[in-house]
>>> print(open('work_4.cif').read())   # mmCIF, C-alpha atoms
data_data
loop_
_atom_site.label_atom_id
_atom_site.label_comp_id
_atom_site.auth_asym_id
_atom_site.auth_seq_id
_atom_site.Cartn_x
_atom_site.Cartn_y
_atom_site.Cartn_z
CA MET A 135 20.22 5.50 63.27
CA ALA A 136 22.73 6.21 66.03
CA ALA A 137 25.02 3.37 65.11
CA ILE A 138 27.83 5.38 63.60
CA ASN A 139 27.66 8.08 66.23
CA GLN A 140 28.46 5.54 68.97
CA ALA A 141 31.73 4.43 67.38
CA SER A 142 34.89 5.57 69.19
CA SER A 143 38.54 4.73 69.19
CA PHE A 144 41.14 5.18 71.78
CA MET A 145 44.74 4.23 72.35
CA ARG A 146 46.31 2.83 75.41
CA THR A 147 49.98 3.21 75.82
CA LYS A 148 52.13 1.62 78.41
CA THR A 149 55.75 2.37 78.79
CA SER A 150 57.89 0.15 80.79
CA THR A 151 61.54 0.34 81.56
CA SER A 152 63.77 -2.60 80.99
CA THR A 153 66.59 -3.76 83.20
CA PRO A 154 69.12 -1.19 84.25
CA SER A 155 71.64 -2.60 81.80
CA SER A 156 69.37 -1.92 78.83
CA SER A 157 69.84 1.43 77.03
CA SER A 158 66.69 1.28 74.86
CA HIS A 159 63.00 1.56 75.49
CA ARG A 160 60.18 -0.24 73.76
CA LEU A 161 56.87 1.45 73.09
CA ILE A 162 53.96 -0.96 73.09
CA THR A 163 50.76 0.32 71.48
CA ARG A 164 47.39 -1.40 71.69
CA ALA A 165 44.35 -0.07 69.78
CA SER A 166 40.77 -1.31 69.48
CA ILE A 167 37.59 -0.12 67.63
CA HIS A 168 34.21 -0.82 69.12
CA LEU A 169 31.34 -1.02 66.49
CA PRO A 170 27.85 -0.40 67.78
CA LYS A 171 25.05 -2.90 67.57
CA ILE A 172 22.52 -2.06 64.81
CA SER A 173 18.99 -2.16 66.06
CA THR A 174 16.48 -4.04 63.81
CA ALA A 175 13.48 -2.60 65.54
CA ASN A 176 13.20 0.27 63.00
CA LEU A 177 13.16 -1.99 59.89
CA ASP A 178 9.44 -2.64 60.23
CA ILE A 179 8.67 0.84 58.94
CA PHE A 180 9.94 -0.13 55.41
CA THR A 181 7.64 -3.15 54.99
CA PRO A 182 4.47 -1.20 53.97
CA ASN A 183 6.44 0.78 51.35
CA ILE A 184 7.83 -2.39 49.76
CA ALA A 185 4.38 -3.97 49.68
CA SER A 186 2.86 -0.87 48.06
CA ASN A 187 5.58 -0.83 45.38
CA ILE A 188 4.94 -4.49 44.54
CA SER A 189 1.21 -3.86 44.21
CA MET A 190 1.90 -0.84 41.95
CA VAL A 191 4.05 -2.99 39.61
CA GLN A 192 1.29 -5.60 39.50
CA GLU A 193 -1.23 -2.93 38.55
CA MET A 194 1.07 -1.69 35.79
CA HIS A 195 1.30 -5.23 34.38
CA LYS A 196 -2.47 -5.54 34.63
CA PHE A 197 -3.21 -2.43 32.56
CA SER A 198 -0.23 -2.71 30.22
CA ARG A 199 -1.02 -2.60 26.45
CA PHE A 200 1.86 -4.92 25.64
CA THR A 201 1.28 -8.65 25.61
CA PRO A 202 3.96 -10.60 27.47
CA LYS A 203 5.89 -13.29 25.67
CA ASN A 204 4.95 -15.87 28.29
CA PRO A 205 1.18 -16.06 28.78
CA THR A 206 1.64 -17.33 32.33
CA LEU A 207 2.94 -13.89 33.31
CA ASN A 208 -0.46 -12.40 32.54
CA PRO A 209 -3.30 -14.73 33.58
CA ASN A 210 -5.87 -12.32 32.06
CA VAL A 211 -4.71 -13.09 28.48
CA HIS A 212 -6.29 -16.15 26.91
CA PRO A 213 -3.85 -18.50 25.08
CA ASP A 214 -5.97 -18.24 21.89
CA HIS A 215 -5.38 -14.48 21.89
CA GLU A 216 -1.64 -15.12 21.73
CA VAL A 217 -2.12 -17.32 18.66
CA ILE A 218 -4.34 -14.72 16.95
CA ILE A 219 -1.78 -11.97 17.55
CA GLU A 220 0.97 -14.20 16.18
CA LYS A 221 -1.07 -14.92 13.03
CA LEU A 222 -1.71 -11.23 12.48
CA TYR A 223 1.99 -10.49 12.79
CA LEU A 224 2.74 -13.20 10.21
CA ILE A 225 0.25 -11.61 7.83
CA LEU A 226 1.77 -8.21 8.58
CA GLU A 227 5.23 -9.48 7.62
CA ALA A 228 3.87 -10.89 4.35
CA VAL A 229 2.12 -7.60 3.58
CA SER A 230 5.29 -5.59 4.27
CA ASP A 231 7.22 -7.88 1.94
CA ARG A 232 4.61 -7.41 -0.78
CA VAL A 233 4.85 -3.64 -0.46
CA GLU A 234 8.57 -3.72 -1.24
CA MET A 235 8.12 -6.35 -3.93
CA HIS A 236 5.46 -4.41 -5.86
CA LYS A 237 7.40 -1.18 -5.41
CA ASN A 238 10.60 -2.66 -6.88
CA ILE A 239 8.85 -4.41 -9.76
CA GLY A 240 6.87 -1.25 -10.51
CA GLU A 241 10.12 0.72 -10.86
CA GLN A 242 11.54 -1.99 -13.10
CA ARG A 243 8.53 -1.95 -15.43
CA ASN A 244 8.52 1.81 -15.52
CA ASN A 245 12.14 1.57 -16.70
CA TRP A 246 10.99 -0.73 -19.49
CA ASN A 247 8.76 2.02 -20.79
CA SER A 248 11.33 4.82 -20.45
CA LEU A 249 14.13 2.73 -22.05
CA LEU A 250 12.27 0.90 -24.82
CA LEU A 251 10.57 4.03 -26.14
CA PRO A 252 13.76 5.91 -27.24
CA CYS A 253 15.36 2.65 -28.43
CA ILE A 254 12.47 1.79 -30.76
CA ASN A 255 12.22 5.35 -32.04
CA THR A 256 15.96 5.41 -32.73
CA ILE A 257 15.78 2.15 -34.66
CA THR A 258 12.77 3.33 -36.66
CA LEU A 259 14.27 6.68 -37.59
CA SER A 260 17.57 5.03 -38.50
CA ALA A 261 15.74 2.70 -40.86
CA ALA A 262 13.89 5.63 -42.42
CA THR A 263 17.16 7.53 -42.85
CA MET A 264 18.82 4.58 -44.55
CA ALA A 265 15.83 4.21 -46.87
CA GLY A 266 16.04 7.89 -47.79
CA ILE A 267 19.76 7.67 -48.52
CA ALA A 268 19.27 4.51 -50.59
CA SER A 269 16.56 6.16 -52.69
CA ALA A 270 18.81 9.16 -53.28
CA ILE A 271 21.76 7.12 -54.62
CA THR A 272 19.85 4.76 -56.90
CA SER A 273 21.36 6.43 -59.97
CA VAL A 274 24.91 6.53 -58.58
CA PRO A 275 27.01 3.72 -60.01
CA GLY A 276 28.74 1.51 -57.48
CA ALA A 277 26.67 2.81 -54.54
CA PRO A 278 25.95 0.29 -51.74
CA LEU A 279 22.24 0.31 -52.53
CA GLU A 280 21.52 -3.31 -51.60
CA THR A 281 23.32 -2.97 -48.28
CA LEU A 282 21.26 0.04 -47.31
CA GLU A 283 18.04 -1.70 -48.41
CA LEU A 284 18.78 -4.80 -46.36
CA SER A 285 19.85 -2.76 -43.33
CA SER A 286 16.75 -0.60 -43.49
CA SER A 287 14.44 -3.62 -43.88
CA PHE A 288 16.13 -5.43 -40.98
CA LEU A 289 15.79 -2.41 -38.69
CA TYR A 290 12.15 -2.00 -39.62
CA LEU A 291 11.43 -5.67 -38.89
CA ALA A 292 13.22 -5.40 -35.55
CA ALA A 293 11.25 -2.28 -34.66
CA THR A 294 8.01 -4.01 -35.66
CA GLY A 295 8.69 -6.99 -33.39
CA MET A 296 9.66 -4.79 -30.46
CA MET A 297 6.55 -2.65 -30.92
CA VAL A 298 4.29 -5.72 -30.95
CA ILE A 299 5.78 -6.95 -27.66
CA MET A 300 5.70 -3.51 -26.06
CA ASN A 301 2.09 -2.94 -27.12
CA LYS A 302 1.11 -6.36 -25.80
CA ILE A 303 2.47 -5.90 -22.27
CA GLN A 304 1.96 -2.10 -22.00
CA PRO A 305 4.84 -1.27 -19.59
CA SER A 306 3.27 2.01 -18.43
CA GLN A 307 0.10 0.17 -17.48
CA LEU A 308 2.09 -2.56 -15.71
CA ALA A 309 3.90 0.09 -13.68
CA GLU A 310 0.59 1.70 -12.69
CA GLU A 311 -0.77 -1.68 -11.58
CA GLN A 312 2.21 -2.22 -9.29
CA ARG A 313 1.93 1.31 -7.87
CA ASN A 314 -1.73 0.66 -7.03
CA ALA A 315 -0.87 -2.68 -5.43
CA ALA A 316 1.89 -1.14 -3.30
CA ARG A 317 -0.48 1.60 -2.13
CA LEU A 318 -3.22 -0.88 -1.22
CA PHE A 319 -0.81 -3.14 0.67
CA LYS A 320 0.50 -0.12 2.60
CA GLN A 321 -3.09 0.72 3.50
CA LEU A 322 -3.70 -2.86 4.66
CA GLU A 323 -0.46 -2.79 6.65
CA SER A 324 -1.58 0.32 8.55
CA GLU A 325 -5.01 -1.22 9.13
CA ILE A 326 -3.52 -4.37 10.69
CA LYS A 327 -1.16 -2.35 12.91
CA THR A 328 -4.04 -0.20 14.13
CA LYS A 329 -6.18 -3.25 14.86
CA ILE A 330 -3.42 -4.84 16.93
CA ALA A 331 -2.75 -1.61 18.85
CA ILE A 332 -6.25 -0.45 19.84
CA SER A 333 -8.50 -3.51 19.78
CA GLN A 334 -8.73 -7.15 20.75
CA PRO A 335 -8.37 -9.00 17.42
CA THR A 336 -10.39 -12.16 16.82
CA LEU A 337 -10.16 -15.05 14.40
CA ASN A 338 -12.53 -13.18 12.06
CA ASP A 339 -9.98 -10.37 11.85
CA VAL A 340 -7.31 -12.88 10.83
CA ASN A 341 -9.53 -14.38 8.13
CA GLU A 342 -10.52 -10.93 6.89
CA ALA A 343 -6.86 -9.86 6.59
CA MET A 344 -6.02 -13.04 4.69
CA GLU A 345 -8.91 -12.50 2.27
CA LYS A 346 -7.81 -8.92 1.63
CA VAL A 347 -4.24 -10.00 0.87
CA LEU A 348 -5.39 -12.66 -1.59
CA ALA A 349 -7.88 -10.26 -3.22
CA ILE A 350 -5.14 -7.70 -3.92
CA ASP A 351 -2.93 -10.49 -5.27
CA ARG A 352 -5.67 -11.48 -7.71
CA ALA A 353 -6.38 -7.88 -8.73
CA TYR A 354 -2.75 -6.97 -9.43
CA PRO A 355 -0.72 -10.11 -10.27
CA LEU A 356 3.05 -9.95 -10.52
CA PRO A 357 3.76 -12.52 -13.29
CA LEU A 358 3.51 -11.59 -16.95
CA LEU A 359 2.76 -15.04 -18.34
CA GLY A 360 -0.56 -16.73 -17.75
CA VAL A 361 -2.15 -14.40 -15.19
CA MET A 362 -1.32 -10.95 -16.61
CA LEU A 363 -4.33 -8.63 -16.78
CA GLU A 364 -5.87 -8.23 -20.21
CA LYS A 365 -4.59 -4.95 -21.61
CA PHE A 366 -7.32 -4.64 -24.26
CA PRO A 367 -10.52 -6.03 -22.70
CA ALA A 368 -13.74 -6.25 -24.69
CA LYS A 369 -15.55 -4.30 -21.97
CA VAL A 370 -14.22 -1.84 -19.43
CA GLU A 371 -14.90 -3.04 -15.90
CA PRO A 372 -13.88 -1.37 -12.62
CA ALA A 373 -10.91 -2.90 -10.85
CA VAL A 374 -11.85 -5.10 -7.86
CA TRP A 375 -9.28 -5.55 -5.09
CA TRP A 376 -11.48 -6.34 -2.05
CA PRO A 377 -13.08 -9.60 -0.87
CA GLU A 378 -16.45 -10.48 -2.36
CA LYS A 379 -18.14 -11.29 0.94
CA PRO A 380 -18.45 -8.26 3.23
CA THR A 381 -17.46 -8.75 6.86
CA THR A 382 -19.61 -7.76 9.83
CA SER A 383 -18.59 -6.36 13.19
CA LYS A 384 -19.46 -7.63 16.65
CA PRO A 385 -23.13 -7.25 17.63
CA ARG A 386 -24.12 -4.33 19.86
CA ASN A 387 -27.25 -3.54 21.79
CA ASP A 388 -27.50 0.19 20.97
CA LYS A 389 -28.19 1.89 17.63
CA ASN A 390 -24.46 1.95 16.92
CA GLY A 391 -24.51 5.55 15.65
CA TRP A 392 -27.13 4.92 12.95
CA SER A 393 -30.33 6.84 12.32
CA VAL A 394 -33.00 7.05 9.63
CA GLU A 395 -31.50 10.31 8.35
CA LEU A 396 -28.03 8.77 8.06
CA GLU A 397 -29.40 5.79 6.13
CA GLU A 398 -31.16 8.09 3.66
CA GLU A 399 -27.99 10.14 3.30
CA MET A 400 -25.97 7.03 2.47
CA ARG A 401 -28.55 5.92 -0.13
CA GLU A 402 -28.27 9.28 -1.88
CA ILE A 403 -24.49 9.03 -1.85
CA ILE A 404 -24.79 5.66 -3.61
CA LYS A 405 -26.88 7.28 -6.34
CA VAL A 406 -24.39 10.10 -6.84
CA LEU A 407 -21.43 7.72 -7.06
CA GLU A 408 -23.27 5.48 -9.51
CA VAL A 409 -24.61 8.19 -11.81
CA LYS A 410 -21.73 10.68 -11.79
CA ASP A 411 -18.40 9.38 -10.55
CA LYS A 412 -18.21 5.71 -11.52
CA ASP A 413 -19.97 6.07 -14.88
CA ASP A 414 -17.81 9.06 -15.79
CA TYR A 415 -14.57 7.16 -15.19
CA ILE A 416 -15.85 4.12 -17.07
CA ARG A 417 -16.69 6.38 -20.02
CA LEU A 418 -13.22 7.94 -19.91
CA GLY A 419 -11.69 4.49 -19.61
CA GLU A 420 -13.50 3.35 -22.76
CA LYS A 421 -12.14 6.34 -24.68
CA ALA A 422 -8.60 5.70 -23.46
CA LEU A 423 -8.94 2.02 -24.39
CA LYS A 424 -10.08 2.83 -27.93
CA LEU A 425 -7.21 5.26 -28.40
CA ASN A 426 -4.71 2.74 -27.07
CA LYS A 427 -6.05 0.02 -29.36
CA GLY A 428 -5.77 2.25 -32.41
CA LEU A 429 -2.23 3.30 -31.60
CA ALA A 430 -1.18 -0.27 -30.81
CA ILE A 431 -2.33 -1.38 -34.27
CA ALA A 432 -1.02 1.66 -36.18
CA GLY A 433 2.56 1.52 -34.87
CA PRO A 434 3.56 -1.99 -36.04
CA LEU A 435 1.51 -1.54 -39.23
CA LEU A 436 3.49 1.56 -40.22
CA THR A 437 6.86 -0.03 -39.49
CA GLY A 438 5.77 -3.08 -41.47
CA LEU A 439 4.90 -0.88 -44.44
CA GLY A 440 8.27 0.80 -44.06
CA ALA A 441 9.98 -2.60 -44.24
CA ILE A 442 8.06 -3.44 -47.43
CA GLY A 443 8.97 -0.09 -48.98
CA SER A 444 12.64 -0.59 -48.12
CA GLY A 445 12.62 -3.91 -49.93
CA PHE A 446 11.47 -2.34 -53.23
CA LEU A 447 13.78 0.66 -53.30
CA ALA A 448 15.93 -0.90 -56.04
CA SER A 449 12.95 -1.75 -58.26
CA SER A 450 12.79 0.82 -61.02
CA PRO A 451 9.04 0.87 -61.65
CA HIS A 452 8.19 0.94 -57.92
CA SER A 453 10.99 3.08 -56.51
CA SER A 454 8.86 6.21 -56.04
CA TRP A 455 6.09 4.72 -53.89
CA ALA A 456 8.59 2.43 -52.15
CA MET A 457 10.58 5.47 -51.07
CA VAL A 458 7.38 7.12 -49.72
CA LEU A 459 6.45 4.01 -47.74
CA ALA A 460 9.95 3.55 -46.35
CA VAL A 461 10.51 7.13 -45.25
CA MET A 462 7.01 8.26 -44.33
CA GLY A 463 6.19 4.95 -42.63
CA GLY A 464 9.15 5.24 -40.29
CA ALA A 465 8.46 8.88 -39.46
CA MET A 466 4.78 8.27 -38.73
CA ALA A 467 5.55 5.13 -36.71
CA SER A 468 7.88 7.13 -34.45
CA VAL A 469 5.15 9.70 -33.86
CA VAL A 470 2.55 7.02 -33.07
CA ASN A 471 4.91 5.20 -30.71
CA THR A 472 5.78 8.44 -28.91
CA ILE A 473 2.11 9.33 -28.41
CA GLN A 474 1.21 5.88 -27.12
CA HIS A 475 4.10 5.13 -24.77
CA GLY A 476 5.47 8.59 -24.19
CA GLY A 477 1.98 9.77 -23.31
CA GLN A 478 1.48 6.55 -21.27
CA VAL A 479 -1.99 5.92 -22.63
CA GLY A 480 -2.03 2.47 -21.00
CA MET A 481 -1.31 4.02 -17.59
CA VAL A 482 -4.15 6.51 -18.11
CA PHE A 483 -6.56 3.66 -18.89
CA GLU A 484 -5.50 1.76 -15.77
CA MET A 485 -5.89 4.90 -13.66
CA TYR A 486 -9.48 5.38 -14.90
CA ARG A 487 -10.23 1.71 -14.26
CA SER A 488 -8.85 1.89 -10.71
CA ASN A 489 -10.80 5.06 -9.95
CA ALA A 490 -14.02 3.40 -11.11
CA GLY A 491 -13.15 0.45 -8.87
CA PHE A 492 -12.66 2.79 -5.93
CA PHE A 493 -16.19 4.18 -6.29
CA LYS A 494 -17.58 0.68 -6.77
CA MET A 495 -15.92 -0.39 -3.52
CA MET A 496 -17.52 2.56 -1.72
CA GLN A 497 -20.92 1.64 -3.12
CA GLU A 498 -20.62 -1.99 -2.03
CA SER A 499 -19.42 -0.93 1.42
CA ILE A 500 -22.45 1.34 1.91
CA GLU A 501 -24.86 -1.28 0.54
CA ALA A 502 -23.44 -3.98 2.77
CA ASN A 503 -24.06 -1.84 5.86
CA LEU A 504 -27.57 -0.84 4.80
CA LYS A 505 -28.57 -4.42 3.99
CA GLU A 506 -27.62 -5.54 7.49
CA ARG A 507 -30.88 -5.37 9.45
CA ASP A 508 -29.20 -5.57 12.82
CA VAL A 509 -27.63 -2.14 13.28
CA GLY A 510 -25.44 -3.57 16.00
CA ARG A 511 -23.59 -5.62 13.40
CA ARG A 512 -22.89 -2.64 11.15
CA GLU A 513 -19.89 -0.36 11.35
CA ASN A 514 -20.43 2.52 13.74
CA GLY A 515 -22.60 5.04 11.90
CA GLU A 516 -20.72 8.17 12.92
CA VAL A 517 -17.34 6.63 12.13
CA PHE A 518 -18.65 5.27 8.82
CA GLU A 519 -19.99 8.67 7.77
CA MET A 520 -16.65 10.30 8.56
CA LYS A 521 -14.80 7.61 6.59
CA MET A 522 -17.00 8.19 3.54
CA ALA A 523 -16.44 11.95 3.78
CA LEU A 524 -12.67 11.57 4.00
CA GLN A 525 -12.55 9.16 1.06
CA LEU A 526 -14.52 11.62 -1.05
CA GLY A 527 -12.42 14.60 0.05
CA ARG A 528 -15.32 16.37 1.76
CA SER A 529 -16.30 17.56 5.20
CA LEU A 530 -19.34 16.09 6.94
CA SER A 531 -21.45 19.14 6.12
CA GLU A 532 -20.43 18.99 2.44
CA LEU A 533 -21.27 15.29 2.29
CA ARG A 534 -24.75 16.00 3.69
CA ASP A 535 -25.20 18.84 1.19
CA VAL A 536 -24.39 16.49 -1.71
CA ALA A 537 -26.91 13.97 -0.41
CA ALA A 538 -29.56 16.70 -0.05
CA SER A 539 -28.86 17.98 -3.58
CA SER A 540 -29.21 14.46 -4.98
CA SER A 541 -32.50 14.05 -3.14
CA ARG A 542 -33.85 17.25 -4.71
CA ASN A 543 -32.51 16.92 -8.27
CA GLY A 544 -32.33 13.16 -8.72
CA LYS A 545 -30.26 12.11 -11.76
CA ASP A 546 -29.96 15.73 -12.91
CA ILE A 547 -27.40 16.51 -10.22
CA GLU A 548 -24.38 18.29 -11.68
CA GLU A 549 -21.93 17.90 -8.78
CA PHE A 550 -19.68 14.90 -8.50
CA GLY A 551 -19.46 12.99 -5.25
CA SER A 552 -15.67 13.06 -5.04
CA LYS A 553 -13.55 16.18 -4.85
CA LEU A 554 -10.25 14.30 -4.87
CA PHE A 555 -10.34 12.99 -8.46
#
>>> encode(input="work_4.cif", output="structure tokens")
Amino acid sequence: MAAINQASSFMRTKTSTSTPSSSSHRLITRASIHLPKISTANLDIFTPNIASNISMVQEMHKFSRFTPKNPTLNPNVHPDHEVIIEKLYLILEAVSDRVEMHKNIGEQRNNWNSLLLPCINTITLSAATMAGIASAITSVPGAPLETLELSSSFLYLAATGMMVIMNKIQPSQLAEEQRNAARLFKQLESEIKTKIAISQPTLNDVNEAMEKVLAIDRAYPLPLLGVMLEKFPAKVEPAVWWPEKPTTSKPRNDKNGWSVELEEEMREIIKVLEVKDKDDYIRLGEKALKLNKGLAIAGPLLTGLGAIGSGFLASSPHSSWAMVLAVMGGAMASVVNTIQHGGQVGMVFEMYRSNAGFFKMMQESIEANLKERDVGRRENGEVFEMKMALQLGRSLSELRDVAASSSRNGKDIEEFGSKLF
């Protein structure tokens, strides 16, 4: 590029003398700059570089993981794929909203338990104190005996009504339900994000995500009226938060990571989960339910007896046993209420029920894969085995050892399948 090097400037000066009568001289200066002509013959060397850069950008668009907004920019993306991705993002937004909703409502219902418990105990003990004072001043002339009796009876009746409502809804159990729902929706949210990032979602994936959302909604409803879960069921059943119909993967031509040994291992794991883990949590859930039922009946019954005793404090022939009912009933009711709601017996029952449901879900997942004759339609065997091991808190070798121990000992196996809980 010798264009700039050819530029030069020069100055021509010409001095001329005017007529003899003139005493001044004029200096006339003329300057000019000559720019060189730029040769276009060398521009051809840049054309291959520009073409290679354009092809590189096209290759980057071709292998990009991000889907363009306009499908015409990427002719390799089918228009239906755009619709499927949009539907999954809509479901993802709904799931994210449910996570926050269940989290906030869970905190609110946990506050019900932590606030109502001291309030009811304070009312009950105040009523018992008034009953004790009234019984002590029965022989004092001019003492406000009737006022204390009425106040104590009113407080006992108020405590009885509040206990009945609190025992009916079980705030600690409601809070545990919402915590479980928030955790399951977070898990579903991560699953949808992973599916969008590393795979090509299909319409079956959209339907499966919708079914999972609705199944969790049915398992852990938000309203209290009409659809609230039964807090004292006749029979303890595991919680169910997954769709009834199992989904299948795309067919493959190979064995998909499955073998005869892996199938036998999974069958033994089913036996262990059925005999040890699930049955054990159902048994514990039945005990927690019986305890909760007894406490739920005893609390209002004792405050009711306290109200009856407070009403007969002024009766001369019945003042002694009335005083015992009024004072002892309130004290015992406070203890019962503290054990039930302070110990969160309802939450413990819901935890046992959810754990039993977790093992039931694992059983159904294994059975659904084993019942599928076409191994190509199952989940990948190696991935499935690792998932089972992680859910049970074991390594792959430990999972195989549990299956081998179950095969040797049968129902007499002493080890539980899960090491997490």
>>> closest_residue(input="work_4.cif", among="A:Asn314, A:Asn238, A:Ser468, A:Asn514", to="Trp375 of chain A", atoms="all atoms listed in the file")
A:Asn314
>>> residues_around(input="work_4.cif", residues="His236 of chain A", least_positions_apart="2", cutoff="10 Å", atoms="only C-alpha atoms", output="list of chain:residue names")
A:Asp231, A:Arg232, A:Val233, A:Glu234, A:Asn238, A:Ile239, A:Gly240, A:Glu241, A:Gln242, A:Ala309, A:Glu311, A:Gln312, A:Arg313, A:Asn314, A:Ala315, A:Ala316, A:Arg317, A:Phe319, A:Tyr354, A:Pro355, A:Leu356
>>> closest_residue(input="work_4.cif", among="A:Ser444, A:Gln474, A:Ser454, A:Ser286", to="Leu251 of chain A", atoms="only C-alpha atoms")
A:Gln474
>>> residues_around(input="work_4.cif", residues="Leu554 of chain A", least_positions_apart="4", cutoff="12 Å", atoms="only C-alpha atoms", output="VMD selection string")
chain A and resid 411 489 492 to 493 523 to 528 550
>>> residues_around(input="work_4.cif", residues="segment 280-285 of chain A", least_positions_apart="5", cutoff="10 Å", atoms="all atoms listed in the file", output="short mmCIF file (atom, residue, chain, number, x, y, z; two decimals) with C-alpha atoms, in the frame of the given file")
data_model
loop_
_atom_site.label_atom_id
_atom_site.label_comp_id
_atom_site.auth_asym_id
_atom_site.auth_seq_id
_atom_site.Cartn_x
_atom_site.Cartn_y
_atom_site.Cartn_z
CA SER A 260 17.57 5.03 -38.50
CA ALA A 261 15.74 2.70 -40.86
CA THR A 263 17.16 7.53 -42.85
CA MET A 264 18.82 4.58 -44.55
CA ALA A 265 15.83 4.21 -46.87
CA GLY A 266 16.04 7.89 -47.79
CA ILE A 267 19.76 7.67 -48.52
CA ALA A 268 19.27 4.51 -50.59
CA SER A 269 16.56 6.16 -52.69
CA THR A 272 19.85 4.76 -56.90
CA TYR A 290 12.15 -2.00 -39.62
CA LEU A 291 11.43 -5.67 -38.89
CA ALA A 441 9.98 -2.60 -44.24
CA GLY A 443 8.97 -0.09 -48.98
CA SER A 444 12.64 -0.59 -48.12
CA GLY A 445 12.62 -3.91 -49.93
CA PHE A 446 11.47 -2.34 -53.23
CA LEU A 447 13.78 0.66 -53.30
CA ALA A 448 15.93 -0.90 -56.04
CA ALA A 460 9.95 3.55 -46.35
#
>>> atom_distance(input="work_4.cif", atom1="atom CA of Met462 of chain A", atom2="atom CA of Leu436 of chain A")
8.6 Å
>>> resolve_selection(input="work_4.cif", expression="the PyMOL selection byres ((chain A and resi 520) around 12)", output="ChimeraX atom specification")
/A:391,396,400,513-519,521-534
>>> residues_near_point(input="work_4.cif", point="(-6.1, -10.6, -2.2)", cutoff="12 Å", atoms="all atoms listed in the file", output="short mmCIF file (atom, residue, chain, number, x, y, z; two decimals) with C-alpha atoms, in the frame of the given file")
data_model
loop_
_atom_site.label_atom_id
_atom_site.label_comp_id
_atom_site.auth_asym_id
_atom_site.auth_seq_id
_atom_site.Cartn_x
_atom_site.Cartn_y
_atom_site.Cartn_z
CA ILE A 225 0.25 -11.61 7.83
CA ALA A 228 3.87 -10.89 4.35
CA VAL A 229 2.12 -7.60 3.58
CA ARG A 232 4.61 -7.41 -0.78
CA ALA A 315 -0.87 -2.68 -5.43
CA LEU A 318 -3.22 -0.88 -1.22
CA PHE A 319 -0.81 -3.14 0.67
CA LEU A 322 -3.70 -2.86 4.66
CA ASN A 341 -9.53 -14.38 8.13
CA GLU A 342 -10.52 -10.93 6.89
CA ALA A 343 -6.86 -9.86 6.59
CA MET A 344 -6.02 -13.04 4.69
CA GLU A 345 -8.91 -12.50 2.27
CA LYS A 346 -7.81 -8.92 1.63
CA VAL A 347 -4.24 -10.00 0.87
CA LEU A 348 -5.39 -12.66 -1.59
CA ALA A 349 -7.88 -10.26 -3.22
CA ILE A 350 -5.14 -7.70 -3.92
CA ASP A 351 -2.93 -10.49 -5.27
CA ARG A 352 -5.67 -11.48 -7.71
CA ALA A 353 -6.38 -7.88 -8.73
CA TYR A 354 -2.75 -6.97 -9.43
CA PRO A 355 -0.72 -10.11 -10.27
CA VAL A 374 -11.85 -5.10 -7.86
CA TRP A 375 -9.28 -5.55 -5.09
CA TRP A 376 -11.48 -6.34 -2.05
CA PRO A 377 -13.08 -9.60 -0.87
CA GLU A 378 -16.45 -10.48 -2.36
#
